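Below is one structure, written out as structure tokens; the observations come after it.
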Amino acid sequence: MSKQNENKEIKSGAYQAAEIEAKIYQEWLDKKYFTADNTSDKKPYSIVIPPPNVTSVLHLGHALNNTIQDILIRKHRMQGFETAWIPGADHAGIATQVIVEKQLVAEGSTRREIGRDKFIERTQGWADLNKDKILHQLEKMGSSCDWSRTAYTLDDGLTSAVEHVFKHLYDKGYIYRGHRIVNWCISCQTSLSDDEVEHEDSKGKLWYIRYKLKGSDEYLTVATTRPETMLGDTALAVSPKDSRFKKYVGKTVILPILEREIKIVADSYVDPEFGTGVVKVTPAHDPNDFEIGRRHDLEEINILNIDGSINENGGKFKGLKRYDCRKQLLKELEEKGHLVKTEDYDLSAGTCYRCHNIVEPYLSDQWFVKMSELAKPAIDAVKSGEIKFHPDYWSKTYLHWMENIRDWCISRQLWWGHRIPVWYAEDGTMFISVNRPSADDCKGYDPETLVQDEDVLDTWFSSWLWPFSTLGWPNNDADVKAFYPTKVLSTGSEIIFLWVARMVMAGYEFVGGLPFTDVYIHGTVRDANGVKMSKSLGNGIDPLEIIEKYGADALRISMVLSTPDGQDPWLSKNTFEVGRNFINKVHQVSKFVMMRIGDKKPNLHEINSDDLVIFDKWILSRLHRTLESVNKSIDEYRLSTAAKTVYNFVWNDFCSWYVELIKPDKADEEIREGSLNVAAYVLNQILKLMHPFTPFVTENTYRDLHNLIEGSSETIMFAKWPEPDASFIDEKLEESLEQIQAVVTAVRMVRSELNVPPSKKSDLYIKVKDEAFGQLLENHIGYFRSLIKVENLFVGTDTKKPLVSASAIISGADIYVPLAGLIDIEVEKARLDKEITNLKNQLEKVSRKLANPDFLANAPEDVTKKERAKKEDYQERIEKMNKNLEQILGW
């Protein structure tokens with residue numbers, strides 16, 4: 001770019017985010033800046049992206065998480081690491097199948113009508129479209145992912161990893177097929193693991209039903225929340241320690257309605273304090289009853305079809321849906337005198353994490369993984385500190401789950417996903433093989449007659465391999481050797497069990513070591529009312545909408561600034577104005593500095609310490625203290641703290657103070673050369689410091705700055721990350737400048753509140769507590785003249801307050817601004833009187849409203865909250881106006 005064109009660009013107006021971001025990102029792609037080299041001698045730093053589900057495009061939660069990861073990747077790239085950020089997507093088995101099946105139903109068809117192959121083909125096409133949208137969104141956010149390594153859980157390589165792992169675990173005896181109780185979703189018609197069941201509190205009933213003892217007029221009463229399951233009862237149970245029921249153990253009762261004989265057993269599981277002390281035992285429909293049944297060799301009677309309707313074991317209720325059956329059964333129990341009473345009862349019902357229907361405990365043949373041995377090294381890794389959680393308290397959540405881990409049900413009655421690599425002969429003989437068994441694999445059987453298991457594996461069975469399957473394991477180990485283990489996993493707390501813990505177990509079992517050293521748990525994105533953003537509630541915000549309006553940089557910095565470390569962010573569309581304003585501020589101050597540089601050649605990399613005035617030394621001290629703080633915060637995964645430190649330094653220290661201080665009084669005057677050199681140096685450091693947070697504006701400005709001064713337009717991406725230099729940090733100097741700033745801020749506040757015209761000069765009287773403070777202020781009168789239009793400065797330990805003056809108090813000093821000649825006292829008095837009267841009227845109206853019981857009873861909470869806020873605002877403003885009125889009248 002020519003110098004003439006460069007200067008035109010510097011003098012251009014507002015920052016054009018959309019145009020600049022698209023152009024710069026394409027240049028980054030063309031030059032393959034994101035592509036990692038697995039033969040590099042640099043120290044590796046790798047992250048695997050938590051793969052978003054192909055069910056939907058990205059939301060603000062994804063935007064936050066990917067911004068966090070990109071901050072870490074970009075910083076370490078600048079620090080000289082060989083960075084690899086692996087992007088990708090998850091096929092999301094059950095969730096994706098549910099959506100496509102709904103589409104088919106809307107078209108008047110079903111998956112079974114079109115067949116497995118066509119269903120998979122259709123689902124793949126739909127998933128591919130969404131996957132492409134997701135990757136495009138990641139690009140628009142500025143994510144510096146290594147796109148050459150983009151992974152997908154159904155890719156051939158990852159599928160091979162899944163099959164290898166299944167066979168490995170089966171051969172080791174960790175995978176088995178069992179006839180056990182599972183969580184069954186009657187809507188999705190598949191089993192779910194314990195961790196895919198979400199528990200929701202609700203109001204239910206506790207029904208008391210009596211069972212007649214055989215050959216007696218006595219009855220035993222049980223309490224149940226699921227009366228329809230009594231159709232599958234095969235026993236009643238009592239505690240062996242409960243003396244009330246010892247005499248009944250070994251006897252039988254008659255099951256109401258079905259008139260089937262069932263025995264009474266004693267089992268230590270029974271709590272004598274719950275209900276009546278007698279419990280019904282339904283081994284096929286309750287996990288605890290299942291265990292009781294196994295201990296007492298009870299029959300297991302399944303009463304449900306896979307769609308939740310009653311099967312032939314339910315007698316006359318066959319064909320009814322579960323809750324219709326409940327209604328009719330209770331009616332008949334009451335009519336026949338078996339329903340003793342009904343009580344309200346608080347329930348915690350298990351629901352499907354995808355369709356949110358209540359799941360049924362269901363006896364079924366499924367594939368399971370034994371988890372206890374796999375969990376041991378994963379527990380040790382966190383206890384020993386080999387893997388660290390940030391914030392640390394999440395490690396307790398992780399350990400609690402791991403130390404109480406259950407076997408994992410991994411089979412799903414779906415078509416979309418990794419089909420279980422098990423083949424069956426006609427006689428039931430099983431063959432476990434990575435590929436279809438060959439003649440050598442199944443001697444004595446014809447391979448062509450073998451039938452593969454119809455079920456697919458749990459989605460998480462592929463996801464738990466993500467940190468190494470994405471790197472080519474087990475077929476290609478070049479990337480595994482270079483980039484495994486990865487450094488940090490950034491994710492939300494809701495998948496610590498589903499994903500994080502399982503990845504740790506998989507890393508130790510299959511690769512022989514931890515998958516990452518750090519786990520960063522960020523907050524859950526919520527709306528302005530604190531409600532979790534979700535598609536179903538319609539309170540979500542599309543990241544692309546924000547990017548189109550404000551730019552990706554504004555989206556990124558706003559989210560990180562608004563997400564307190566370890567807490568949930570509350571966001572609205574207005575949140576992103578903070579980032580927009582910040583980006584514009586940086587653009588404008590950069591433009592100002594570069595215009596002032598002109599043809600000069602300041603050193604962007606070093607400082608001449610012999611040509612510095614107090615404010616130059618101050619901004620350098622603040623810069624290096626900022627670098628120190630930001631590095632520490634990022635290293636400790638306190639990214640919001642780091643972002644706020646950067647923001648405050650750039651906006652307050654550099655833009656609002658330093659740049660204003662070095663500006664000459666007249667527009668045509670030049671900035672002092674030493675200060676201009678410092679401004680250019682600090683701006684260069686700011687751009688590098690900001691780059692991980694706001695990559696586009698910093699890339700664009702860095703190129704402009706370096707092209708202007710050095711004739712070079714190299715990318716900022718590989719610029720050396722700024723490190724703090726303690727020799728520049730001067731704590732006493734910063735304290736002195738804080739005192740000067742306090743005076744300036746106080747005077748500005750007084751002038752603003754009294755509507756003093758900005759161009760009007762005034763005298764300034766300051767009564768200080770000690771002479772050293774006074775001397776400091778006198779030594780820098782020049783800055784007061786330029787910043788707050790001071791004509792004459794009077795400083796002393798015995799300075800008197802002038803008549804008719806405004807005052808302010810700061811630490812160590814009383815400040816007086818004489819008002820005579822500064823404002824028209826009568827005009828200002830009339831204005832204040834009028835405004836106070838208006839505010840009092842408004843206060844009276846809102847006070848009446850808040851005193852009205854009908855308003856408080858009927859108005860929504862957010863409305864009453866706004867009215868209370870109005871009242872407080874009016875009261876504060878009236879108090880401030882009265883204070884100003886007192887000051888101008890000299891009271």
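So you can find residues: chains in the structure tokens are A, B, ... in the order shown, residues in each start at 1, and ligands are numbered from 1 in order.
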Sorted per-residue table, segment 14-36 of chain A near segment 553-566 of chain A, closest atoms and distance, 12 Å, only C-alpha atoms, as CSV:
```
residue,atom,partner,partner_atom,distance
A:Tyr15,CA,A:Asp553,CA,11.4
A:Gln16,CA,A:Asp553,CA,11.6
A:Ala17,CA,A:Asp553,CA,8.2
A:Ala18,CA,A:Asp553,CA,10.3
A:Ile20,CA,A:Asp553,CA,11.1
A:Glu21,CA,A:Asp553,CA,8.8
```
Strand (DSSP E or B) call set, DSSP backbone run, segment 374-576 of chain A, as number ranges by chain: A: 388-390, 408-409, 411-412, 419, 422-424, 430-432, 451-452, 456-457, 486-492, 516-522, 526, 532, 570
Those residues with N, CA, C and O atoms, as a tab-separated table (two decimals), in the first residue's frame please?
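Saved as part-v3.tsv:
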```tsv
chain	number	residue	atom	x	y	z
A	388	LYS	N	-6.39	-30.08	36.64
A	388	LYS	CA	-6.92	-29.04	37.52
A	388	LYS	C	-8.21	-28.46	36.93
A	388	LYS	O	-8.30	-28.22	35.73
A	389	PHE	N	-9.18	-28.24	37.81
A	389	PHE	CA	-10.41	-27.56	37.41
A	389	PHE	C	-10.31	-26.08	37.76
A	389	PHE	O	-9.75	-25.71	38.79
A	390	HIS	N	-10.88	-25.26	36.90
A	390	HIS	CA	-10.94	-23.81	37.14
A	390	HIS	C	-12.39	-23.36	36.89
A	390	HIS	O	-12.88	-23.50	35.77
A	408	TRP	N	-22.24	-47.98	32.45
A	408	TRP	CA	-22.75	-47.07	31.42
A	408	TRP	C	-23.50	-47.86	30.36
A	408	TRP	O	-22.92	-48.73	29.71
A	409	CYS	N	-24.78	-47.58	30.21
A	409	CYS	CA	-25.56	-48.19	29.14
A	409	CYS	C	-25.23	-47.47	27.84
A	409	CYS	O	-25.50	-46.27	27.69
A	411	SER	N	-25.89	-48.70	24.49
A	411	SER	CA	-26.67	-49.02	23.29
A	411	SER	C	-27.90	-48.13	23.20
A	411	SER	O	-28.51	-47.79	24.21
A	412	ARG	N	-28.24	-47.76	21.97
A	412	ARG	CA	-29.42	-46.92	21.73
A	412	ARG	C	-30.23	-47.53	20.59
A	412	ARG	O	-29.67	-47.94	19.57
A	419	ARG	N	-23.12	-47.69	14.38
A	419	ARG	CA	-23.77	-48.99	14.59
A	419	ARG	C	-22.84	-49.89	15.41
A	419	ARG	O	-21.63	-49.92	15.20
A	422	VAL	N	-21.06	-55.51	16.31
A	422	VAL	CA	-21.30	-56.89	16.73
A	422	VAL	C	-22.16	-57.56	15.66
A	422	VAL	O	-23.15	-56.97	15.20
A	423	TRP	N	-21.76	-58.77	15.27
A	423	TRP	CA	-22.50	-59.53	14.25
A	423	TRP	C	-22.98	-60.84	14.88
A	423	TRP	O	-22.28	-61.45	15.71
A	424	TYR	N	-24.17	-61.28	14.44
A	424	TYR	CA	-24.78	-62.48	15.00
A	424	TYR	C	-25.00	-63.54	13.92
A	424	TYR	O	-25.44	-63.21	12.81
A	430	MET	N	-22.05	-64.65	18.70
A	430	MET	CA	-21.67	-63.25	18.47
A	430	MET	C	-20.23	-63.16	17.99
A	430	MET	O	-19.36	-63.90	18.43
A	431	PHE	N	-19.99	-62.18	17.11
A	431	PHE	CA	-18.65	-61.86	16.65
A	431	PHE	C	-18.44	-60.36	16.79
A	431	PHE	O	-19.23	-59.57	16.25
A	432	ILE	N	-17.41	-59.97	17.52
A	432	ILE	CA	-17.09	-58.55	17.69
A	432	ILE	C	-15.91	-58.25	16.80
A	432	ILE	O	-14.85	-58.88	16.91
A	451	VAL	N	-25.61	-61.14	10.73
A	451	VAL	CA	-26.46	-59.95	10.81
A	451	VAL	C	-25.90	-59.01	11.88
A	451	VAL	O	-25.67	-59.43	13.02
A	452	GLN	N	-25.68	-57.74	11.52
A	452	GLN	CA	-25.13	-56.78	12.48
A	452	GLN	C	-26.19	-56.32	13.47
A	452	GLN	O	-27.38	-56.23	13.14
A	456	VAL	N	-27.41	-48.60	17.75
A	456	VAL	CA	-26.22	-47.76	17.60
A	456	VAL	C	-25.68	-47.44	19.00
A	456	VAL	O	-26.35	-47.66	20.02
A	457	LEU	N	-24.49	-46.88	19.01
A	457	LEU	CA	-23.86	-46.53	20.28
A	457	LEU	C	-24.30	-45.15	20.75
A	457	LEU	O	-24.60	-44.26	19.92
A	486	THR	N	-3.75	-32.46	25.02
A	486	THR	CA	-4.09	-31.07	24.77
A	486	THR	C	-3.89	-30.29	26.08
A	486	THR	O	-3.64	-30.87	27.13
A	487	LYS	N	-4.01	-28.97	26.00
A	487	LYS	CA	-3.73	-28.16	27.18
A	487	LYS	C	-4.96	-27.95	28.06
A	487	LYS	O	-4.96	-28.26	29.25
A	488	VAL	N	-5.99	-27.39	27.47
A	488	VAL	CA	-7.14	-27.01	28.30
A	488	VAL	C	-8.43	-27.40	27.60
A	488	VAL	O	-8.53	-27.34	26.37
A	489	LEU	N	-9.41	-27.81	28.38
A	489	LEU	CA	-10.76	-28.04	27.88
A	489	LEU	C	-11.64	-26.95	28.47
A	489	LEU	O	-11.72	-26.81	29.68
A	490	SER	N	-12.28	-26.18	27.60
A	490	SER	CA	-13.20	-25.13	28.05
A	490	SER	C	-14.62	-25.59	27.75
A	490	SER	O	-14.95	-25.90	26.60
A	491	THR	N	-15.45	-25.63	28.77
A	491	THR	CA	-16.80	-26.16	28.57
A	491	THR	C	-17.73	-25.68	29.68
A	491	THR	O	-17.31	-24.96	30.59
A	492	GLY	N	-19.00	-26.10	29.61
A	492	GLY	CA	-19.98	-25.74	30.62
A	492	GLY	C	-20.12	-26.83	31.67
A	492	GLY	O	-19.74	-27.99	31.46
A	516	PHE	N	-6.01	-33.71	28.85
A	516	PHE	CA	-5.77	-32.27	29.00
A	516	PHE	C	-5.31	-32.03	30.43
A	516	PHE	O	-5.58	-32.84	31.32
A	517	THR	N	-4.63	-30.94	30.65
A	517	THR	CA	-4.11	-30.64	31.99
A	517	THR	C	-5.05	-29.75	32.79
A	517	THR	O	-5.00	-29.74	34.03
A	518	ASP	N	-5.90	-28.99	32.09
A	518	ASP	CA	-6.77	-28.04	32.76
A	518	ASP	C	-8.19	-28.13	32.20
A	518	ASP	O	-8.38	-28.34	31.00
A	519	VAL	N	-9.15	-27.94	33.09
A	519	VAL	CA	-10.56	-27.88	32.68
A	519	VAL	C	-11.11	-26.54	33.16
A	519	VAL	O	-11.16	-26.27	34.36
A	520	TYR	N	-11.50	-25.71	32.20
A	520	TYR	CA	-12.04	-24.39	32.52
A	520	TYR	C	-13.56	-24.44	32.35
A	520	TYR	O	-14.07	-24.67	31.26
A	521	ILE	N	-14.28	-24.24	33.45
A	521	ILE	CA	-15.75	-24.27	33.43
A	521	ILE	C	-16.26	-22.83	33.43
A	521	ILE	O	-16.11	-22.10	34.40
A	522	HIS	N	-16.84	-22.44	32.30
A	522	HIS	CA	-17.38	-21.07	32.22
A	522	HIS	C	-18.86	-21.05	32.59
A	522	HIS	O	-19.50	-22.10	32.71
A	526	ARG	N	-27.28	-16.39	30.25
A	526	ARG	CA	-28.68	-16.14	30.62
A	526	ARG	C	-29.15	-14.81	30.03
A	526	ARG	O	-28.32	-13.97	29.66
A	532	LYS	N	-32.01	-18.92	31.69
A	532	LYS	CA	-31.10	-19.54	30.74
A	532	LYS	C	-31.63	-19.38	29.33
A	532	LYS	O	-32.80	-19.65	29.05
A	570	TRP	N	-25.45	-12.43	32.43
A	570	TRP	CA	-26.81	-12.03	32.07
A	570	TRP	C	-26.69	-11.05	30.90
A	570	TRP	O	-26.13	-9.96	31.06
```
For atom CA of Glu259 of chain A and atom CA of His285 of chain A, the interatomic separation in Å (one decimal):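 Distance between the two atoms: 19.6 Å.
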Neighbour list for segment 132-135 of chain A as a PyMOL selection string, cut-off 7 Å, only C-alpha atoms, skip fewer than 4 positions in-chain: chain A and resi 57-58+128+139
Go ahead and save the picked residues with all heavy atoms, as a PDB file, in the first residue's frame.
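selection36.pdb was written with the following content:
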```pdb
ATOM      1  N   VAL A  57     -27.790 -24.336  14.816  1.00  0.00           N
ATOM      2  CA  VAL A  57     -26.669 -23.414  14.677  1.00  0.00           C
ATOM      3  C   VAL A  57     -26.199 -22.974  16.057  1.00  0.00           C
ATOM      4  O   VAL A  57     -26.843 -23.242  17.074  1.00  0.00           O
ATOM      5  CB  VAL A  57     -27.061 -22.193  13.819  1.00  0.00           C
ATOM      6  CG1 VAL A  57     -27.342 -22.617  12.395  1.00  0.00           C
ATOM      7  CG2 VAL A  57     -28.269 -21.477  14.408  1.00  0.00           C
ATOM      8  N   LEU A  58     -25.082 -22.277  16.102  1.00  0.00           N
ATOM      9  CA  LEU A  58     -24.479 -21.878  17.375  1.00  0.00           C
ATOM     10  C   LEU A  58     -25.275 -20.755  18.047  1.00  0.00           C
ATOM     11  O   LEU A  58     -25.851 -19.894  17.384  1.00  0.00           O
ATOM     12  CB  LEU A  58     -23.041 -21.423  17.153  1.00  0.00           C
ATOM     13  CG  LEU A  58     -22.109 -22.409  16.447  1.00  0.00           C
ATOM     14  CD1 LEU A  58     -20.699 -21.854  16.392  1.00  0.00           C
ATOM     15  CD2 LEU A  58     -22.119 -23.763  17.151  1.00  0.00           C
ATOM     16  N   ASP A 128     -25.241 -32.393   7.422  1.00  0.00           N
ATOM     17  CA  ASP A 128     -24.152 -31.721   6.696  1.00  0.00           C
ATOM     18  C   ASP A 128     -24.449 -30.241   6.481  1.00  0.00           C
ATOM     19  O   ASP A 128     -23.555 -29.390   6.587  1.00  0.00           O
ATOM     20  CB  ASP A 128     -23.911 -32.399   5.343  1.00  0.00           C
ATOM     21  CG  ASP A 128     -23.174 -33.726   5.490  1.00  0.00           C
ATOM     22  OD1 ASP A 128     -22.611 -33.972   6.569  1.00  0.00           O
ATOM     23  OD2 ASP A 128     -23.172 -34.516   4.522  1.00  0.00           O
ATOM     24  N   GLU A 139     -16.115 -19.183  11.811  1.00  0.00           N
ATOM     25  CA  GLU A 139     -15.256 -18.281  11.037  1.00  0.00           C
ATOM     26  C   GLU A 139     -15.661 -16.834  11.255  1.00  0.00           C
ATOM     27  O   GLU A 139     -14.799 -15.956  11.452  1.00  0.00           O
ATOM     28  CB  GLU A 139     -15.334 -18.629   9.551  1.00  0.00           C
ATOM     29  CG  GLU A 139     -14.687 -19.958   9.180  1.00  0.00           C
ATOM     30  CD  GLU A 139     -14.723 -20.219   7.691  1.00  0.00           C
ATOM     31  OE1 GLU A 139     -15.390 -19.451   6.966  1.00  0.00           O
ATOM     32  OE2 GLU A 139     -14.073 -21.185   7.245  1.00  0.00           O
TER      33      GLU A 139
END
```
Top pick for closest residue to Leu639 of chain A, considering A:Gln567, A:Gly319, A:Glu861, A:Ala95 and counting only C-alpha atoms: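 Of A:Gln567, A:Gly319, A:Glu861, A:Ala95, the one nearest Leu639 of chain A, counting only C-alpha atoms, is A:Gln567.
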Distance criterion (only C-alpha atoms): nearest to Ile634 of chain A out of A:Asn792, A:Pro692, A:Val659, A:Glu196: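 The answer is A:Pro692, which sits nearest to Ile634 of chain A.
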Gap from atom CA of His164 of chain A to atom CA of Phe510 of chain A - Å, one decimal: 9.8 Å
Two-atom distance - atom CA of Leu708 of chain A, atom CA of Gln26 of chain A (Å):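 Going from atom CA of Leu708 of chain A over to atom CA of Gln26 of chain A covers 23.0 Å.
Between Leu683 of chain A and the candidates A:Pro602, A:Gly125, A:Pro860, A:Pro543, the tightest atom-to-atom separation, counting only C-alpha atoms, involves A:Pro602.
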Nearest-residue call for Arg622 of chain A, choices A:Leu414, A:Ala772, A:Val650, A:Leu839, using only C-alpha atoms: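 Closest to Arg622 of chain A of all the choices is A:Val650.
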Contact residues around Cys655 of chain A with only C-alpha atoms at 12 Å, ignoring same-chain residues under 4 positions, as number ranges by chain: A: 582, 584-593, 619, 647-651, 659-663, 679, 682-683, 686
Within 10 Å of segment 150-158 of chain A using only C-alpha atoms, minus same-chain residues under 4 positions, as a ChimeraX atom specification: /A:48-49,51-52,54,85-92,124,131,135,145-146,162-164,416-418,459-463,465-466,468-476
Prev. selection, N, CA and C atoms, output as a short mmCIF file (atom, residue, chain, number, x, y, z; two decimals), in the first residue's frame:
```cif
data_model
loop_
_atom_site.label_atom_id
_atom_site.label_comp_id
_atom_site.auth_asym_id
_atom_site.auth_seq_id
_atom_site.Cartn_x
_atom_site.Cartn_y
_atom_site.Cartn_z
N VAL A 48 -8.90 -28.94 21.77
CA VAL A 48 -9.95 -29.49 20.92
C VAL A 48 -11.25 -28.77 21.26
N ILE A 49 -11.92 -28.31 20.24
CA ILE A 49 -13.16 -27.57 20.44
C ILE A 49 -14.24 -28.54 20.94
N PRO A 51 -17.25 -30.23 20.45
CA PRO A 51 -17.95 -30.25 19.16
C PRO A 51 -19.43 -29.90 19.31
N PRO A 52 -19.88 -28.82 18.67
CA PRO A 52 -21.30 -28.48 18.75
C PRO A 52 -22.15 -29.52 18.03
N VAL A 54 -24.94 -31.00 15.59
CA VAL A 54 -25.42 -30.55 14.27
C VAL A 54 -26.91 -30.29 14.27
N TRP A 85 -5.68 -25.71 17.17
CA TRP A 85 -7.04 -25.66 17.71
C TRP A 85 -7.91 -26.46 16.76
N ILE A 86 -8.35 -27.63 17.22
CA ILE A 86 -9.05 -28.58 16.36
C ILE A 86 -10.55 -28.33 16.40
N PRO A 87 -11.15 -27.92 15.27
CA PRO A 87 -12.59 -27.70 15.23
C PRO A 87 -13.34 -28.97 14.84
N GLY A 88 -14.65 -28.94 14.93
CA GLY A 88 -15.43 -30.08 14.51
C GLY A 88 -16.86 -30.00 14.98
N ALA A 89 -17.59 -31.09 14.76
CA ALA A 89 -19.00 -31.14 15.13
C ALA A 89 -19.36 -32.56 15.54
N ASP A 90 -20.46 -32.67 16.27
CA ASP A 90 -20.95 -33.95 16.78
C ASP A 90 -22.25 -34.33 16.08
N HIS A 91 -22.37 -35.61 15.70
CA HIS A 91 -23.57 -36.05 14.97
C HIS A 91 -24.82 -36.04 15.84
N ALA A 92 -24.64 -36.02 17.18
CA ALA A 92 -25.76 -35.85 18.13
C ALA A 92 -26.88 -36.84 17.87
N GLN A 124 -28.07 -37.59 7.10
CA GLN A 124 -26.71 -37.12 6.81
C GLN A 124 -26.73 -35.81 6.02
N LYS A 131 -23.88 -28.58 9.75
CA LYS A 131 -22.44 -28.57 10.08
C LYS A 131 -21.74 -27.44 9.33
N LEU A 135 -19.68 -24.25 11.05
CA LEU A 135 -18.29 -23.90 10.75
C LEU A 135 -18.19 -22.48 10.21
N CYS A 145 -9.19 -21.50 14.14
CA CYS A 145 -9.13 -22.96 14.16
C CYS A 145 -8.29 -23.47 13.00
N ASP A 146 -7.70 -24.64 13.19
CA ASP A 146 -6.97 -25.31 12.12
C ASP A 146 -7.99 -26.06 11.28
N VAL A 162 -13.91 -45.47 17.26
CA VAL A 162 -15.04 -45.99 18.04
C VAL A 162 -15.05 -47.51 18.01
N GLU A 163 -14.87 -48.08 16.82
CA GLU A 163 -14.91 -49.54 16.68
C GLU A 163 -13.73 -50.21 17.39
N HIS A 164 -12.57 -49.60 17.30
CA HIS A 164 -11.40 -50.14 18.01
C HIS A 164 -11.62 -50.14 19.52
N TRP A 416 -29.46 -43.51 13.67
CA TRP A 416 -28.47 -42.47 13.39
C TRP A 416 -27.34 -42.55 14.42
N GLY A 417 -26.15 -42.90 13.96
CA GLY A 417 -25.02 -43.01 14.86
C GLY A 417 -24.09 -44.13 14.45
N HIS A 418 -23.18 -44.49 15.34
CA HIS A 418 -22.24 -45.58 15.07
C HIS A 418 -22.92 -46.91 15.39
N THR A 459 -24.24 -41.45 21.70
CA THR A 459 -23.46 -40.35 21.11
C THR A 459 -22.15 -40.11 21.86
N TRP A 460 -22.23 -40.19 23.18
CA TRP A 460 -21.05 -39.87 24.00
C TRP A 460 -19.96 -40.93 23.88
N PHE A 461 -20.29 -42.08 23.27
CA PHE A 461 -19.27 -43.11 23.10
C PHE A 461 -18.25 -42.69 22.04
N SER A 462 -18.65 -41.82 21.13
CA SER A 462 -17.67 -41.25 20.19
C SER A 462 -17.06 -39.98 20.76
N SER A 463 -17.87 -39.21 21.48
CA SER A 463 -17.39 -37.94 22.02
C SER A 463 -16.30 -38.11 23.08
N LEU A 465 -13.87 -39.95 23.03
CA LEU A 465 -12.58 -40.19 22.37
C LEU A 465 -12.04 -38.94 21.68
N TRP A 466 -12.78 -37.85 21.74
CA TRP A 466 -12.52 -36.63 20.95
C TRP A 466 -11.09 -36.09 21.08
N PHE A 468 -8.27 -37.43 21.26
CA PHE A 468 -7.24 -38.14 20.49
C PHE A 468 -7.77 -38.70 19.17
N SER A 469 -9.06 -39.00 19.07
CA SER A 469 -9.59 -39.48 17.78
C SER A 469 -9.50 -38.38 16.73
N THR A 470 -9.64 -37.11 17.15
CA THR A 470 -9.51 -35.99 16.22
C THR A 470 -8.08 -35.81 15.73
N LEU A 471 -7.13 -36.39 16.45
CA LEU A 471 -5.71 -36.30 16.07
C LEU A 471 -5.24 -37.51 15.27
N GLY A 472 -6.18 -38.37 14.88
CA GLY A 472 -5.83 -39.48 14.01
C GLY A 472 -5.73 -40.83 14.67
N TRP A 473 -5.86 -40.92 15.99
CA TRP A 473 -5.77 -42.20 16.69
C TRP A 473 -6.92 -43.10 16.25
N PRO A 474 -6.74 -44.39 16.04
CA PRO A 474 -5.50 -45.16 16.25
C PRO A 474 -4.68 -45.39 14.99
N ASN A 475 -5.14 -44.84 13.85
CA ASN A 475 -4.52 -45.18 12.57
C ASN A 475 -3.32 -44.32 12.20
N ASN A 476 -3.27 -43.10 12.74
CA ASN A 476 -2.18 -42.17 12.40
C ASN A 476 -1.76 -41.47 13.67
#
```
Selected residue, from A:His624, A:Gly337, A:Trp415, A:Val504, that lies nearest to Glu121 of chain A when counting only C-alpha atoms: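 The shortest atom-to-atom distance to Glu121 of chain A comes from A:Trp415.
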